[in-house]
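Asks: Sending over a structure as structure tokens; questions will come in a sec.
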Amino acid sequence: MSSIKPFKNARLELVPSFQKEGVIYKVHLAVKPPAAGERQGMVITLIFDTSGSMHDNACKVGDDATNYHTRMDLLKMVAELLVRMLCADDVLCLVVFSDNGNVLLPPTTMTDAGKSSAISAIKAMHPSGCTNLWNALEVTHHVMARPEYSESLRYAIMLTDGVESYAANHALGTVGAFAALPRSFVLNVFGFGAGVSSAMLSSLASASGGRFTNIADFTTLATSSINALATGIATCSANVPLTVTYSDGSTSEHQTSLVQYGQNRDIVFATSKVPVSASMNGLPGIPFSEGVSILALARYDIIAAITGTLTSAGRHNQYAAVHSKYADTDAAADVSECATGGELVMGCASPETWEKWGMHYSYAYKQALENDHRMNFKEKGQARLGGAEFEKYKALGDAAFSCIPKPAATGGSTAVPMTPASAYGMGPVTRGAPPRAAPVVRTVWSVAATNDPTQAGGCWAPDSMILMADRSRKRIQDIKPNDIVWSKSGFAKVEYTLALGTSQPVQNMCRVGGLLMTWYHPYLSEKGGSWRNPCDDFPVVAMPVPIVHNLILGDGHSIVDLDGTLTVCLGHELKAPGVEHVFFGSRAAILDSIKRQPGFERGQVVYKDLKCIRDPSTNIITGWYEGVPDSAFDSGC
């Protein structure tokens, strides 16, 4: 078990002040830390989105438009960078998530050997599945809430590129469910690209006392990541409670979240009550003085302007008045992003700009100010944020980044269309063939967790080679009724072949060894002999596969060998975890569903456009149908 020294909060000074403006009091709680001090270890969890869209192209390599870095390529680079910034006083956990959250690396002390283990685990990450943010946070909470870490500084950085697919899995929603957990760590969230839900991600971060950062085009990915981790490393105090007492005897509670060495933590808010005193950690109250600094007032007004601009969805930005108010004061640099040509103003230039990056940038800028954290190197309005200790660790991160090899580009060219031969992903591209196009990542309306009974059982792609009784192999589409195939429990006669067509342009497929199969068709894993879904273990790619195949065997047989992978036929009657299913596992249910299809009488069932019938109360598939769907049917399985 990895251990860590208890984290000790540095001595802080609280200076409360207010400024009366009409009937409103602007309250400033200035929390002042030491300029420098001993570097303390922390428990940090890096939470990585490994969903299928992380295989999308992120940026071009060179000028020939043939090689692209994927989002996963860049994620691995940044992950390795962050690991290299840690030291032997830190404990690192790696959590990855797609359809489920999983611990990729258990809490490990960051010795040289620990870093090596972490980097090896990072290099092995691969994209597949959907985006289950809630389960990732739940898994992280279980790690961070361990009793042995109760006195530690606990910090997490999440990197994701998508919109959650599992919001309905919790009655409170992802943000509500996360906020309801005991606060076991401070979360920083990085959202890649224009497709993220910045409102939701910033709410997640806010619920933990952290912040959201948008990575619009990956040019600031490394710097923003370095800054985020340097902030955690330079932390000298965390989550100190502050209490304000008012003249009517009422109180309000506030919290510092993370305080860095050499960087004041400023909390500014407005109230109609008269503030009398403020206390920290339950100590005796300190009387308020009158007069708030110009920098604190500017900070309050910038945050208010961003909030108003967000409320209007960028249609009415409120920055000109803020810039005019402070342009000739000591806060002139702080309001530079509110000037014409400033990033905040440019983000509202048009509805298209707002949707593409302005909205995301606004959420990120607001939370950076609220937490006194620097985003990256571009924002002049945040230049004063970050003390000498932050700068020191930031410089170490910059040096580490310069030593990391440029990642190999695993994406493809978007200039060359996918050819039929490569569409199935069969074998390597031969010399002289056009480069394979980047896979089309699927869009899924709703999925659930591992071995989800509401998902389709799935089948095998054409040209899959099944093992016959005589040890030869035969293409699955060439199998006929009465053929004898090898099965795990002995030789088996084929009773029915099924050709399952679809009108959908693509199907979600996974490659398991040499077998290309649909993403939720159970296979027998070599590791422990358990039944698994391909999407649990392998990348999911939407491929133009218009037809897939399956079999029904006789004499109680069901497990066959296709391209070296043990997988299961329909109507298998197996009850083991991961393979049992009320419809796909029931021989009677399958036969009843297919008996009206063309080819049933001769044992060769054909569907041209397969639909799934679902139980309305459970969403579990209970039958198949050929034809136009209505309210009781899915378009495809």
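The chains in the structure tokens are called A, B, ... from first to last as shown; in each chain the residues are counted from 1, and the ligands are counted from 1 in the order shown.
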Would you pick out the contacts of A:Ser472 at 12 Å or less, using only C-alpha atoms, so that residues sharing its chain but fewer than 6 positions from it are not included, and give the list as a list in words?
Replies: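 Listed by chain and then number, they are Met465, Ile466, Ile484, Val485, Trp486, Asp561, Leu562 and Asp563 of chain A.
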Asks: Might you pull out every residue within 6 Å of stretch 223-236 of chain A, with only C-alpha atoms counted and same-chain residues fewer than 2 positions away left off, and present them as a VMD selection string?
Replies: chain A and resid 9 to 10 220 to 221 259 to 261 375 to 376 389 to 390 393 to 394 397
Asks: Can those selected residues be exported to a file as a short mmCIF file (atom, residue, chain, number, x, y, z; two decimals), in the first residue's frame so that it contains N, CA and C atoms?
Replies:
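In the end it all went to out-v1.cif:
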```cif
data_model
loop_
_atom_site.label_atom_id
_atom_site.label_comp_id
_atom_site.auth_asym_id
_atom_site.auth_seq_id
_atom_site.Cartn_x
_atom_site.Cartn_y
_atom_site.Cartn_z
N ASN A 9 -1.23 22.28 6.73
CA ASN A 9 -1.54 23.61 6.22
C ASN A 9 -0.54 24.63 6.75
N ALA A 10 -0.04 25.46 5.86
CA ALA A 10 0.87 26.54 6.26
C ALA A 10 0.08 27.60 7.04
N THR A 220 -2.53 24.84 -26.59
CA THR A 220 -2.22 25.20 -25.20
C THR A 220 -2.33 24.00 -24.25
N LEU A 221 -2.46 22.80 -24.80
CA LEU A 221 -2.68 21.63 -23.96
C LEU A 221 -1.55 21.41 -22.96
N VAL A 259 -4.64 26.95 -1.73
CA VAL A 259 -3.89 28.19 -1.60
C VAL A 259 -2.43 27.88 -1.93
N GLN A 260 -1.85 28.65 -2.85
CA GLN A 260 -0.46 28.43 -3.25
C GLN A 260 0.48 29.31 -2.43
N TYR A 261 1.70 28.83 -2.27
CA TYR A 261 2.74 29.69 -1.71
C TYR A 261 2.86 30.97 -2.54
N MET A 375 -4.33 30.13 -16.11
CA MET A 375 -4.73 29.18 -17.13
C MET A 375 -3.53 28.73 -17.96
N ASN A 376 -2.98 29.64 -18.77
CA ASN A 376 -1.79 29.32 -19.55
C ASN A 376 -1.00 30.59 -19.80
N GLU A 389 6.93 29.94 -6.12
CA GLU A 389 6.94 28.47 -6.08
C GLU A 389 6.23 27.89 -7.30
N PHE A 390 5.11 28.49 -7.66
CA PHE A 390 4.42 28.06 -8.87
C PHE A 390 5.34 28.19 -10.08
N TYR A 393 7.94 25.34 -10.25
CA TYR A 393 7.45 24.04 -10.70
C TYR A 393 6.96 24.10 -12.15
N LYS A 394 6.47 25.25 -12.55
CA LYS A 394 6.11 25.42 -13.95
C LYS A 394 7.35 25.29 -14.83
N GLY A 397 8.22 21.75 -15.24
CA GLY A 397 7.33 21.12 -16.21
C GLY A 397 7.72 21.46 -17.63
#
```
Asks: Would you pick out the contacts of A:Phe491 at 12 Å or less, using only C-alpha atoms, so that residues sharing its chain but fewer than 5 positions from it are not included, and give the list as a list in words?
Replies: Leu467, Met468, Ala469, Asp470, Arg471, Asn482, Asp483, Ile484, Val485, Trp486, Leu553, Gly554, Asp555, Gly556, His557, Ser558, Ile559, Val560 and Asp561 of chain A
Asks: I'd like the contact shell of stretch 587-600 of chain A - 8 Å cut-off, only C-alpha atoms, skipping same-chain residues fewer than 4 positions apart - returned as a list in words.
Replies: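 Close residues of stretch 587-600 of chain A: Tyr496, Leu570, Gly571, His572, Glu573, Phe583, Gln604, Val605, Val606, Tyr607, Thr622, Gly623, Trp624, Tyr625 and Glu626 of chain A.
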Asks: Tell me, as number ranges by chain, which residues lie within 7 Å of A:His360, counting only C-alpha atoms; anything in the same chain fewer than 4 positions away does not count.
Replies: A: 198, 214, 364
Asks: Keeping only N, CA and C atoms, write those residues as an mmCIF file, in the first residue's frame.
Replies:
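Output contents, as saved in result_30.cif:
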```
data_model
loop_
_atom_site.group_PDB
_atom_site.id
_atom_site.type_symbol
_atom_site.label_atom_id
_atom_site.label_comp_id
_atom_site.auth_asym_id
_atom_site.auth_seq_id
_atom_site.Cartn_x
_atom_site.Cartn_y
_atom_site.Cartn_z
ATOM 1 N N SER A 198 -19.269 22.682 -21.525
ATOM 2 C CA SER A 198 -18.480 23.465 -20.581
ATOM 3 C C SER A 198 -19.285 23.851 -19.346
ATOM 4 N N ASN A 214 -10.728 24.928 -20.852
ATOM 5 C CA ASN A 214 -11.030 24.461 -22.199
ATOM 6 C C ASN A 214 -9.767 24.458 -23.040
ATOM 7 N N ALA A 364 -13.987 28.941 -18.495
ATOM 8 C CA ALA A 364 -12.649 28.650 -17.989
ATOM 9 C C ALA A 364 -12.015 29.878 -17.354
#
```
Asks: Taking the backbone alone, and naming residues the way the document does, which bits of stretch 13-162 of chain A are helix (DSSP H, G or I) by DSSP, as a count of residues only?
Replies: 46
Asks: Determine, counting only C-alpha atoms, which protein, DNA and RNA residues have an atom within 8 Å of an atom of stretch 132-148 of chain A; residues of the same chain fewer than 6 positions away are not included. Present the result as a PyMOL selection string.
Replies: chain A and resi 3+43+45+47+95-103+107+154+164-167+174+177-178+184-185
Asks: Expressed in Å to a single decimal, how great is the separation between atom CA of A:Pro462 and atom CA of A:Cys130?
Replies: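 These two atoms are separated by 25.3 Å.
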